>>> print(open('structure-v6.txt').read())   # compact mmCIF, C-alpha atoms
# COMPACT_ATOMS: atom_id res chain seq x y z
CA MET A 1119 0.00 0.00 0.00
CA MET A 1120 2.71 2.46 1.02
CA ASP A 1121 4.74 1.59 -2.09
CA ALA A 1122 1.70 2.27 -4.28
CA LEU A 1123 1.22 5.73 -2.70
CA ILE A 1124 4.88 6.60 -3.18
CA VAL A 1125 4.77 5.55 -6.83
CA SER A 1126 1.56 7.51 -7.40
CA ASN A 1127 3.09 10.56 -5.69
CA VAL A 1128 6.22 10.49 -7.87
CA VAL A 1129 4.15 9.96 -11.03
CA LEU A 1130 1.92 12.92 -10.08
CA TRP A 1131 4.92 15.21 -9.52
CA ILE A 1132 6.27 14.30 -12.95
CA LEU A 1133 2.89 15.05 -14.50
CA VAL A 1134 2.50 18.37 -12.61
CA ILE A 1135 5.92 19.52 -13.80
CA ALA A 1136 5.20 18.42 -17.37
CA LEU A 1137 1.89 20.30 -17.32
CA SER A 1138 3.47 23.46 -15.88
CA ALA A 1139 6.14 23.33 -18.58
CA THR A 1140 3.42 22.95 -21.23
CA VAL A 1141 1.50 25.96 -19.88
CA LEU A 1142 4.70 28.03 -19.94
CA ALA A 1143 5.46 26.94 -23.51
CA LEU A 1144 1.92 27.77 -24.66
CA LEU A 1145 2.05 31.23 -23.08
CA ARG A 1146 5.38 31.87 -24.77
CA GLN A 1147 3.85 30.92 -28.11
CA ILE A 1148 1.07 33.45 -27.49
CA GLY A 1149 3.82 36.04 -26.89
CA VAL A 1150 5.38 35.18 -30.26
CA LEU A 1151 1.96 35.47 -31.93
CA HIS A 1152 1.54 38.94 -30.44
CA GLU A 1153 4.83 39.96 -32.04
CA ARG A 1154 3.72 38.57 -35.40
CA VAL A 1155 0.32 40.31 -35.50
CA ALA A 1156 1.82 43.79 -35.07
CA PRO A 1157 0.65 45.97 -37.99
CA ALA A 1158 2.91 45.80 -41.02
CA GLY A 1159 2.40 49.22 -42.66
CA ALA A 1160 3.29 52.26 -40.58
CA LEU A 1161 -0.10 52.60 -38.95
CA ILE A 1162 -1.68 56.02 -38.81
CA VAL A 1163 -3.13 56.80 -35.42
CA ARG A 1164 -6.05 59.19 -35.39
CA GLY A 1165 -5.46 62.74 -34.24
CA GLY A 1166 -2.46 65.03 -34.47
CA PRO A 1167 -1.57 67.23 -37.43
CA ALA A 1168 -2.78 65.64 -40.68
CA VAL A 1169 -0.49 64.99 -43.63
CA GLY A 1170 -0.15 68.20 -45.64
CA GLU A 1171 -0.72 70.43 -42.61
CA VAL A 1172 1.96 72.76 -41.30
CA ALA A 1173 3.74 71.19 -38.34
CA PRO A 1174 3.38 72.91 -34.96
CA VAL A 1175 6.59 74.78 -34.15
CA LEU A 1176 7.97 74.15 -30.66
CA GLU A 1177 11.03 75.75 -29.09
CA LEU A 1178 12.77 72.93 -27.25
CA GLU A 1179 16.10 72.22 -25.65
CA ASP A 1180 17.82 69.01 -26.64
CA TRP A 1181 19.87 66.69 -24.39
CA SER A 1182 22.99 68.86 -24.57
CA GLY A 1183 20.98 72.02 -23.86
CA ALA A 1184 21.08 73.38 -27.43
CA LYS A 1185 17.94 75.22 -28.60
CA ARG A 1186 15.92 73.61 -31.39
CA ARG A 1187 12.92 74.90 -33.27
CA VAL A 1188 11.16 71.61 -33.90
CA GLY A 1189 8.73 71.76 -36.83
CA ALA A 1190 10.06 75.07 -38.22
CA PRO A 1191 11.14 75.34 -41.90
CA ASP A 1192 14.71 74.07 -42.18
CA THR A 1193 17.41 76.56 -43.15
CA GLU A 1194 19.59 73.85 -44.70
CA GLY A 1195 16.70 72.50 -46.75
CA ARG A 1196 16.61 69.15 -45.01
CA SER A 1197 13.58 67.23 -43.85
CA THR A 1198 13.23 66.07 -40.24
CA LEU A 1199 12.28 62.62 -39.03
CA LEU A 1200 10.84 62.96 -35.55
CA PHE A 1201 11.14 59.60 -33.84
CA PHE A 1202 9.18 59.17 -30.61
CA LEU A 1203 10.59 56.52 -28.31
CA SER A 1204 10.95 55.54 -24.68
CA PRO A 1205 13.69 53.70 -22.75
CA SER A 1206 11.08 51.21 -21.53
CA CYS A 1207 10.03 50.15 -25.05
CA PRO A 1208 12.03 47.16 -26.33
CA LEU A 1209 10.94 47.72 -29.96
CA CYS A 1210 12.33 51.27 -29.85
CA LYS A 1211 15.72 49.85 -28.82
CA MET A 1212 15.56 47.36 -31.69
CA LEU A 1213 14.96 50.21 -34.14
CA LEU A 1214 17.90 52.35 -32.96
CA PRO A 1215 20.47 50.70 -35.28
CA VAL A 1216 17.96 51.00 -38.14
CA LEU A 1217 17.63 54.72 -37.40
CA GLU A 1218 21.43 55.07 -37.39
CA SER A 1219 21.71 53.46 -40.81
CA VAL A 1220 18.79 55.51 -42.17
CA ALA A 1221 20.42 58.69 -40.84
CA ALA A 1222 23.68 57.72 -42.57
CA ALA A 1223 22.09 56.69 -45.87
CA GLU A 1224 19.56 59.55 -46.15
CA GLY A 1225 21.71 62.20 -44.44
CA ARG A 1226 21.69 64.41 -47.57
CA TRP A 1227 18.05 65.32 -47.20
CA LEU A 1228 17.11 64.04 -43.77
CA ARG A 1229 17.95 64.75 -40.16
CA VAL A 1230 16.78 62.40 -37.41
CA LEU A 1231 15.60 63.80 -34.09
CA LEU A 1232 14.68 61.51 -31.19
CA ALA A 1233 11.89 62.57 -28.87
CA SER A 1234 10.71 61.25 -25.55
CA ALA A 1235 9.18 62.50 -22.32
CA GLY A 1236 9.52 62.06 -18.58
CA PRO A 1237 12.08 62.82 -15.89
CA ARG A 1238 15.68 63.08 -17.14
CA ALA A 1239 16.90 60.39 -14.69
CA GLU A 1240 14.81 57.76 -16.49
CA HIS A 1241 16.69 58.51 -19.72
CA GLU A 1242 20.23 59.04 -18.43
CA ALA A 1243 21.45 55.43 -18.76
CA PHE A 1244 19.55 54.83 -22.02
CA VAL A 1245 21.00 57.89 -23.75
CA ARG A 1246 24.53 57.14 -22.54
CA HIS A 1247 24.41 53.44 -23.41
CA HIS A 1248 23.22 54.03 -26.98
CA GLY A 1249 25.22 57.24 -27.53
CA LEU A 1250 22.08 59.20 -28.42
CA GLU A 1251 23.22 62.66 -27.30
CA ARG A 1252 25.00 63.35 -30.62
CA ARG A 1253 21.90 62.30 -32.59
CA GLY A 1254 19.71 64.92 -30.91
CA TYR A 1255 17.39 63.83 -28.10
CA VAL A 1256 14.63 66.04 -26.81
CA LEU A 1257 12.53 65.48 -23.71
CA SER A 1258 9.15 67.16 -24.00
CA GLU A 1259 5.61 66.25 -23.01
CA GLN A 1260 4.36 69.04 -25.29
CA LEU A 1261 5.87 67.53 -28.41
CA GLY A 1262 4.15 64.17 -27.86
CA LEU A 1263 0.87 65.95 -27.15
CA ALA A 1264 1.20 68.15 -30.25
CA TYR A 1265 1.42 65.08 -32.48
CA ARG A 1266 -1.01 63.03 -30.35
CA VAL A 1267 1.50 60.23 -29.92
CA GLY A 1268 -0.32 57.36 -28.24
CA LYS A 1269 1.75 54.35 -29.24
CA LEU A 1270 5.50 53.88 -29.46
CA PRO A 1271 7.66 53.78 -31.51
CA TYR A 1272 6.02 56.55 -33.53
CA ALA A 1273 7.56 58.60 -36.32
CA VAL A 1274 6.61 61.86 -38.04
CA LEU A 1275 8.27 63.04 -41.26
CA ILE A 1276 8.35 66.83 -41.62
CA ASP A 1277 9.64 68.27 -44.90
CA GLU A 1278 12.07 71.19 -45.37
CA ALA A 1279 9.19 73.70 -45.44
CA GLY A 1280 7.82 72.50 -42.09
CA VAL A 1281 4.90 70.54 -43.51
CA VAL A 1282 3.96 67.11 -42.13
CA ARG A 1283 4.53 64.58 -44.95
CA ALA A 1284 3.87 61.27 -43.24
CA SER A 1285 3.44 59.83 -39.79
CA GLY A 1286 2.65 56.55 -38.15
CA LEU A 1287 3.47 53.77 -35.78
CA VAL A 1288 6.73 52.14 -36.87
CA ASN A 1289 7.75 48.65 -35.85
CA SER A 1290 10.38 47.85 -38.47
CA ARG A 1291 12.69 49.25 -41.14
CA GLU A 1292 9.93 48.63 -43.72
CA HIS A 1293 7.56 50.88 -41.81
CA LEU A 1294 10.16 53.62 -41.59
CA GLU A 1295 10.85 53.37 -45.31
CA SER A 1296 7.12 53.41 -46.00
CA LEU A 1297 7.10 56.95 -44.54
CA PHE A 1298 9.79 58.08 -47.01
CA GLU A 1299 7.91 56.33 -49.79
CA ALA A 1300 4.71 58.09 -48.76
CA LYS A 1301 6.51 61.46 -48.95
CA GLU A 1302 7.93 60.72 -52.39
CA ARG A 1303 4.61 59.56 -53.79
CA GLY A 1304 2.63 62.28 -52.06
CA ALA A 1305 0.33 59.78 -50.38
CA ALA A 1306 -0.53 60.07 -46.69
CA SER A 1307 0.37 56.45 -46.01
CA ILE A 1308 1.00 53.18 -47.77
CA GLN A 1309 -2.57 52.25 -46.87
CA ALA A 1310 -3.92 55.42 -48.53
CA TYR A 1311 -1.70 54.80 -51.57
CA LEU A 1312 -2.98 51.25 -52.00
CA ALA A 1313 -6.58 52.36 -51.44
CA ASP A 1314 -6.13 55.01 -54.17
CA ARG A 1315 -5.07 52.32 -56.60
CA GLY A 1316 -8.27 50.48 -55.77
CA GLY A 1317 -6.22 47.61 -54.48
CA GLU A 1318 -7.99 45.10 -52.30
CA ARG A 1319 -4.63 44.13 -50.89
CA ARG A 1320 -4.32 44.67 -47.15
CA VAL A 1321 -0.94 45.73 -45.93
CA ALA A 1322 -1.51 44.83 -42.31
CA MET B 1338 4.30 22.37 19.80
CA ALA B 1339 2.46 25.46 18.63
CA PRO B 1340 -1.27 25.09 17.77
CA PHE B 1341 -0.73 26.15 14.14
CA ALA B 1342 2.41 24.48 12.89
CA LEU B 1343 3.36 24.27 9.25
CA ASP B 1344 4.56 20.90 8.00
CA PRO B 1345 8.39 21.07 7.74
CA ALA B 1346 8.36 19.87 4.11
CA LEU B 1347 5.94 22.62 3.04
CA HIS B 1348 7.97 25.14 5.01
CA ALA B 1349 11.16 24.05 3.23
CA ILE B 1350 9.54 24.30 -0.23
CA LEU B 1351 8.15 27.79 0.43
CA ARG B 1352 11.39 29.01 1.97
CA LEU B 1353 13.55 27.73 -0.89
CA ALA B 1354 11.14 29.06 -3.53
CA LEU B 1355 11.03 32.54 -1.95
CA ALA B 1356 14.81 32.54 -1.51
CA LEU B 1357 15.27 31.71 -5.21
CA LEU B 1358 12.77 34.42 -6.18
CA PHE B 1359 14.51 37.11 -4.11
CA LEU B 1360 18.03 36.08 -5.15
CA GLY B 1361 16.96 36.14 -8.81
CA ALA B 1362 15.26 39.52 -8.41
CA SER B 1363 18.24 41.10 -6.66
CA ARG B 1364 20.59 39.65 -9.28
CA HIS B 1365 18.85 41.33 -12.20
CA LYS B 1366 18.51 44.59 -10.27
CA LEU B 1367 22.19 44.65 -9.27
CA ARG B 1368 23.24 43.85 -12.84
CA ASP B 1369 21.24 46.78 -14.23
CA LEU B 1370 21.01 49.21 -11.33
CA ALA B 1371 20.70 52.18 -13.69
CA GLY B 1372 17.71 50.54 -15.38
CA PHE B 1373 16.02 49.84 -12.04
CA ARG B 1374 16.71 53.42 -10.99
CA GLY B 1375 14.96 54.58 -14.15
CA ALA B 1376 11.98 52.35 -13.38
CA LEU B 1377 11.82 53.76 -9.84
CA ALA B 1378 11.92 57.28 -11.23
CA GLY B 1379 8.99 56.31 -13.46
CA TYR B 1380 6.82 55.71 -10.40
CA ALA B 1381 7.39 59.37 -9.47
CA ILE B 1382 6.89 58.62 -5.77
CA LEU B 1383 10.36 59.46 -4.47
CA PRO B 1384 12.15 62.77 -5.10
CA GLU B 1385 14.55 62.40 -8.03
CA ARG B 1386 17.78 62.52 -6.00
CA ALA B 1387 16.50 59.75 -3.69
CA THR B 1388 15.97 57.23 -6.52
CA GLY B 1389 19.66 56.25 -6.72
CA PRO B 1390 20.09 55.32 -3.03
CA ALA B 1391 16.58 53.75 -2.96
CA ALA B 1392 17.35 51.52 -5.97
CA ALA B 1393 20.60 50.32 -4.41
CA GLY B 1394 18.88 49.88 -1.02
CA LEU B 1395 16.03 47.78 -2.44
CA ALA B 1396 18.39 45.57 -4.44
CA ALA B 1397 20.56 45.04 -1.33
CA ALA B 1398 17.46 44.32 0.79
CA GLU B 1399 16.33 41.69 -1.72
CA LEU B 1400 19.76 40.07 -1.63
CA GLY B 1401 19.67 40.10 2.19
CA VAL B 1402 16.20 38.52 2.27
CA GLY B 1403 17.24 35.86 -0.27
CA VAL B 1404 20.35 34.86 1.70
CA GLY B 1405 18.54 35.15 5.04
CA LEU B 1406 15.80 32.74 3.93
CA LEU B 1407 18.45 30.09 3.18
CA LEU B 1408 20.02 30.35 6.65
CA PRO B 1409 18.03 28.50 9.35
CA GLY B 1410 18.66 31.10 12.07
CA SER B 1411 17.26 34.07 10.16
CA ALA B 1412 14.38 32.40 8.30
CA PHE B 1413 11.60 33.98 10.38
CA ALA B 1414 12.96 37.54 10.22
CA SER B 1415 13.64 37.15 6.49
CA ALA B 1416 10.12 35.86 5.79
CA VAL B 1417 8.67 38.90 7.57
CA ALA B 1418 11.04 41.19 5.65
CA ALA B 1419 10.03 39.48 2.39
CA ALA B 1420 6.33 40.12 3.10
CA ALA B 1421 7.16 43.75 3.98
CA LEU B 1422 9.17 44.31 0.76
CA LEU B 1423 6.43 42.73 -1.37
CA SER B 1424 3.83 44.91 0.38
CA ILE B 1425 5.86 48.04 -0.41
CA TYR B 1426 6.06 46.99 -4.09
CA SER B 1427 2.33 46.24 -4.22
CA GLY B 1428 1.58 49.60 -2.61
CA ALA B 1429 3.74 51.41 -5.18
CA ILE B 1430 2.12 49.52 -8.08
CA ALA B 1431 -1.40 50.15 -6.73
CA LEU B 1432 -0.57 53.85 -6.30
CA GLY B 1433 0.78 53.95 -9.87
CA LEU B 1434 -2.43 52.35 -11.17
CA LEU B 1435 -4.59 54.80 -9.21
CA ARG B 1436 -2.64 57.73 -10.64
CA GLY B 1437 -3.07 56.33 -14.14
CA ARG B 1438 0.64 55.68 -14.70
CA ARG B 1439 -0.14 52.32 -16.26
CA HIS B 1440 2.43 52.58 -19.05
CA ILE B 1441 5.55 52.79 -16.84
CA ASP B 1442 7.95 49.87 -16.47
CA CYS B 1443 7.19 47.98 -13.25
CA GLY B 1444 10.92 47.33 -12.75
CA CYS B 1445 10.12 43.76 -11.76
CA ALA B 1446 11.11 41.77 -14.84
CA GLY B 1447 14.79 42.54 -15.27
CA PRO B 1448 16.62 44.29 -18.10
CA GLY B 1449 14.97 44.10 -21.49
CA GLY B 1450 11.74 42.75 -20.00
CA GLY B 1451 9.77 45.95 -19.49
CA ARG B 1452 6.32 45.24 -18.08
CA PRO B 1453 3.66 47.88 -17.66
CA LEU B 1454 1.74 48.07 -14.39
CA SER B 1455 -1.38 45.95 -14.07
CA GLU B 1456 -3.84 44.63 -11.50
CA GLY B 1457 -2.44 41.17 -12.23
CA LEU B 1458 0.90 42.21 -10.71
CA VAL B 1459 -0.84 43.24 -7.49
CA ALA B 1460 -2.68 39.90 -7.40
CA ARG B 1461 0.54 37.97 -8.00
CA ASN B 1462 2.25 39.89 -5.19
CA ALA B 1463 -0.69 39.12 -2.87
CA VAL B 1464 -0.08 35.38 -3.44
CA LEU B 1465 3.64 35.88 -2.78
CA ILE B 1466 2.88 37.81 0.43
CA ALA B 1467 0.62 34.94 1.57
CA ALA B 1468 3.47 32.50 0.86
CA ALA B 1469 5.89 34.63 2.89
CA ALA B 1470 3.36 34.78 5.76
CA LEU B 1471 2.99 30.97 5.72
CA CYS B 1472 6.76 30.75 5.83
CA ALA B 1473 6.82 32.82 9.03
CA LEU B 1474 4.49 30.38 10.86
CA PRO B 1475 5.99 28.04 13.46
CA VAL B 1476 7.27 24.81 11.93
CA GLY B 1477 6.15 21.33 13.03
CA THR B 1478 8.60 18.77 14.34
CA ARG B 1479 7.85 15.80 12.05
CA PRO B 1480 11.13 14.15 11.02
CA LEU B 1481 11.86 14.55 7.31
CA VAL B 1482 12.13 11.36 5.22
CA TRP B 1483 13.37 10.77 1.67
CA ILE B 1484 9.93 11.22 0.09
CA ASP B 1485 10.02 14.84 1.37
CA ALA B 1486 13.02 15.39 -0.91
CA VAL B 1487 10.89 14.24 -3.88
CA SER B 1488 8.15 16.69 -2.82
CA ALA B 1489 10.69 19.51 -2.41
CA VAL B 1490 12.29 19.01 -5.84
CA GLY B 1491 8.92 18.51 -7.56
CA GLY B 1492 7.33 21.46 -5.75
CA LEU B 1493 10.22 23.83 -6.49
CA ALA B 1494 10.31 22.87 -10.18
CA ALA B 1495 6.54 23.25 -10.57
CA LEU B 1496 6.49 26.59 -8.69
CA ALA B 1497 9.37 27.97 -10.80
CA LEU B 1498 7.65 26.95 -14.05
CA LEU B 1499 4.30 28.36 -12.91
CA TYR B 1500 5.94 31.62 -11.83
CA GLY B 1501 7.53 31.88 -15.29
CA ALA B 1502 4.15 31.13 -16.89
CA ILE B 1503 2.43 33.85 -14.82
CA ASP B 1504 5.17 36.31 -15.77
CA VAL B 1505 4.75 35.57 -19.50
CA GLY B 1506 0.97 35.63 -19.07
CA LEU B 1507 1.11 39.12 -17.52
CA ALA B 1508 3.31 40.34 -20.39
CA ASN B 1509 0.86 38.87 -22.93
CA GLY B 1510 -2.06 40.52 -21.14
CA ALA B 1511 -0.37 43.90 -21.50
CA ARG B 1512 0.22 43.29 -25.22
CA LEU B 1513 -3.37 42.23 -25.71
CA ARG B 1514 -4.63 45.43 -24.08
CA GLU B 1515 -2.35 47.42 -26.36
CA LEU B 1516 -3.66 45.55 -29.41
CA ARG B 1517 -7.28 46.19 -28.35
CA GLY B 1518 -6.55 49.87 -27.70
CA ARG B 1519 -5.07 50.24 -31.16
CA ALA B 1520 -8.18 49.16 -33.07
>>> encode(input="structure-v6.txt", output="structure tokens")
Amino acid sequence: MMDALIVSNVVLWILVIALSATVLALLRQIGVLHERVAPAGALIVRGGPAVGEVAPVLELEDWSGAKRRVGAPDTEGRSTLLFFLSPSCPLCKMLLPVLESVAAAEGRWLRVLLASAGPRAEHEAFVRHHGLERRGYVLSEQLGLAYRVGKLPYAVLIDEAGVVRASGLVNSREHLESLFEAKERGAASIQAYLADRGGERRVA
Amino acid sequence: MAPFALDPALHAILRLALALLFLGASRHKLRDLAGFRGALAGYAILPERATGPAAAGLAAAELGVGVGLLLPGSAFASAVAAAALLSIYSGAIALGLLRGRRHIDCGCAGPGGGRPLSEGLVARNAVLIAAAALCALPVGTRPLVWIDAVSAVGGLAALALLYGAIDVGLANGARLRELRGRA
């Protein structure tokens, strides 16, 4: 009798552990699914200045204390990519190298400006670790409010005349490039461009 | 013998599990103290210059609780300290939720594993506080036999896997809310 109970106890422990491991594996798979279902075209979020509108001009100080007129017409004739991010957003970190390469490749006509909000202490380690101070990093609640940024990472493309050319939620290099494409083609977004062509194709 | 005595095998499982939890938590905090400091600053409860010492203090306290739970002499005091620490965290999370600071990193998942605040975190901490309280109860005097070792290994493995599953589940819940909010 005692032997039978011991055997049953050991068998039950093995089953409990196997079941717990299965639950963990299933939940991890759900996590992977969540990553896969993220929208694939830079998604436009309602609100904020529409494409074709003049960008709001804000006088802000960047990380090093230099004054910047964000949204104003550019004296050097370059466009500005405003990239909204946060140290607590893993996707933003993943996109930093992409931003670096975009800034290098499109540097002729484009400057990249990183924007975030919150107390400076939250950003100190993040900025230092990724060497973001030379890129231009502004901390401003106002800026996020002006563009109605609800989801991160979010990007706004402002042309040399200070007009919003494209904006949206960006999760990958393709999304970022879709903003440049939208500017070149004069469409508000890839979705709008495809809709114009009467395409039934869904990007997302 | 005290009227309410916890079985020594259960006591050992809870103590080891809590010790592992606190040692793991202090390890990831000590490895990325700057990140934890940032998370603390996100709660906006302490003045900004106090976040540095507070982050180091909490990480050291977690390490102390983890080691203390492993040593037989300090198990009771450490279990009480564990419940106190968890209560402080729950209080901070609940306060964050009440103030609508849902998006901030909870600082509880280690570097690279940012988790927003949620009611689920408070519920999970409540279970952990109950475990710490059980651990502080007087222990019975039944002699331990070899089958208790099977229970201890099995229990620890199952608890660790379930804790991991709850952690992933909380992260998925946050992503699901974000997905719903986006539509």
>>> interface_residues(input="structure-v6.txt", of="chain A", to="chain B", cutoff="7 Å", atoms="only C-alpha atoms", output="list in words")
Trp1131, Val1134, Ile1135, Ser1138, Ala1139, Val1141, Leu1142, Leu1145, Arg1146, Gly1149, His1152, Ser1206, Cys1207, Pro1208, Ala1239, Glu1240 and Ala1243 of chain A
>>> write_last_selection(input="structure-v6.txt", atoms="C-alpha atoms", output="compact mmCIF listing (two decimals), in the frame of the given file")
# COMPACT_ATOMS: atom_id res chain seq x y z
CA TRP A 1131 4.92 15.21 -9.52
CA VAL A 1134 2.50 18.37 -12.61
CA ILE A 1135 5.92 19.52 -13.80
CA SER A 1138 3.47 23.46 -15.88
CA ALA A 1139 6.14 23.33 -18.58
CA VAL A 1141 1.50 25.96 -19.88
CA LEU A 1142 4.70 28.03 -19.94
CA LEU A 1145 2.05 31.23 -23.08
CA ARG A 1146 5.38 31.87 -24.77
CA GLY A 1149 3.82 36.04 -26.89
CA HIS A 1152 1.54 38.94 -30.44
CA SER A 1206 11.08 51.21 -21.53
CA CYS A 1207 10.03 50.15 -25.05
CA PRO A 1208 12.03 47.16 -26.33
CA ALA A 1239 16.90 60.39 -14.69
CA GLU A 1240 14.81 57.76 -16.49
CA ALA A 1243 21.45 55.43 -18.76
>>> closest_residue(input="structure-v6.txt", among="B:Gly1437, B:Gly1403, B:Gly1410, B:Gly1361", to="B:Leu1422", atoms="all atoms listed in the file")
B:Gly1403
>>> atom_distance(input="structure-v6.txt", atom1="atom CA of A:His1241", atom2="atom CA of B:Gly1457")
26.9 Å
>>> residues_near_point(input="structure-v6.txt", point="(18.0, 64.8, -37.9)", cutoff="9 Å", atoms="all atoms listed in the file", output="compact mmCIF listing (two decimals) with C-alpha atoms, in the coordinates of the input")
# COMPACT_ATOMS: atom_id res chain seq x y z
CA ARG A 1196 16.61 69.15 -45.01
CA SER A 1197 13.58 67.23 -43.85
CA THR A 1198 13.23 66.07 -40.24
CA LEU A 1199 12.28 62.62 -39.03
CA LEU A 1200 10.84 62.96 -35.55
CA ALA A 1221 20.42 58.69 -40.84
CA GLY A 1225 21.71 62.20 -44.44
CA LEU A 1228 17.11 64.04 -43.77
CA ARG A 1229 17.95 64.75 -40.16
CA VAL A 1230 16.78 62.40 -37.41
CA LEU A 1231 15.60 63.80 -34.09
CA LEU A 1232 14.68 61.51 -31.19
CA ARG A 1253 21.90 62.30 -32.59
CA GLY A 1254 19.71 64.92 -30.91
>>> atom_distance(input="structure-v6.txt", atom1="atom CA of A:Val1220", atom2="atom CA of A:Glu1153")
23.2 Å
>>> axis_aligned_box(input="structure-v6.txt", around="stretch 1470-1487 of chain B", padding_each_side="6 Å", output="lines of an AutoDock Vina configuration file")
center_x = 8.2
center_y = 22.8
center_z = 5.2
size_x = 22.4
size_y = 36.0
size_z = 30.2
>>> residues_around(input="structure-v6.txt", residues="A:Ser1234", least_positions_apart="4", cutoff="8 Å", atoms="all atoms listed in the file", output="list in words")
Phe1202, Leu1203, Ser1204, Tyr1255, Val1256, Leu1257, Ser1258, Glu1259 and Gly1262 of chain A
>>> decode(input="structure-v6.txt", residues="stretch 1135-1151 of chain A", atoms="N, CA and C atoms", output="short mmCIF file (atom, residue, chain, number, x, y, z; two decimals), in the first residue's frame")
data_model
loop_
_atom_site.label_atom_id
_atom_site.label_comp_id
_atom_site.auth_asym_id
_atom_site.auth_seq_id
_atom_site.Cartn_x
_atom_site.Cartn_y
_atom_site.Cartn_z
N ILE A 1135 4.83 18.74 -13.20
CA ILE A 1135 5.92 19.52 -13.80
C ILE A 1135 5.76 19.58 -15.32
N ALA A 1136 5.39 18.44 -15.91
CA ALA A 1136 5.20 18.42 -17.37
C ALA A 1136 4.09 19.38 -17.77
N LEU A 1137 2.99 19.39 -17.00
CA LEU A 1137 1.89 20.30 -17.32
C LEU A 1137 2.30 21.76 -17.16
N SER A 1138 3.03 22.07 -16.08
CA SER A 1138 3.47 23.46 -15.88
C SER A 1138 4.37 23.89 -17.03
N ALA A 1139 5.26 22.99 -17.47
CA ALA A 1139 6.14 23.33 -18.58
C ALA A 1139 5.33 23.57 -19.85
N THR A 1140 4.27 22.77 -20.04
CA THR A 1140 3.42 22.95 -21.23
C THR A 1140 2.71 24.30 -21.19
N VAL A 1141 2.19 24.67 -20.01
CA VAL A 1141 1.50 25.96 -19.88
C VAL A 1141 2.48 27.09 -20.22
N LEU A 1142 3.70 26.99 -19.67
CA LEU A 1142 4.70 28.03 -19.94
C LEU A 1142 4.99 28.11 -21.44
N ALA A 1143 5.15 26.95 -22.07
CA ALA A 1143 5.46 26.94 -23.51
C ALA A 1143 4.32 27.54 -24.31
N LEU A 1144 3.07 27.22 -23.95
CA LEU A 1144 1.92 27.77 -24.66
C LEU A 1144 1.87 29.28 -24.53
N LEU A 1145 2.10 29.79 -23.30
CA LEU A 1145 2.05 31.23 -23.08
C LEU A 1145 3.15 31.93 -23.88
N ARG A 1146 4.30 31.27 -23.97
CA ARG A 1146 5.38 31.87 -24.77
C ARG A 1146 4.99 31.94 -26.24
N GLN A 1147 4.30 30.90 -26.71
CA GLN A 1147 3.85 30.92 -28.11
C GLN A 1147 2.88 32.07 -28.34
N ILE A 1148 2.00 32.33 -27.35
CA ILE A 1148 1.07 33.45 -27.49
C ILE A 1148 1.87 34.75 -27.60
N GLY A 1149 2.96 34.85 -26.82
CA GLY A 1149 3.82 36.04 -26.89
C GLY A 1149 4.38 36.22 -28.30
N VAL A 1150 4.83 35.11 -28.90
CA VAL A 1150 5.38 35.18 -30.26
C VAL A 1150 4.29 35.61 -31.24
N LEU A 1151 3.07 35.09 -31.05
CA LEU A 1151 1.96 35.47 -31.93
C LEU A 1151 1.70 36.96 -31.84
#
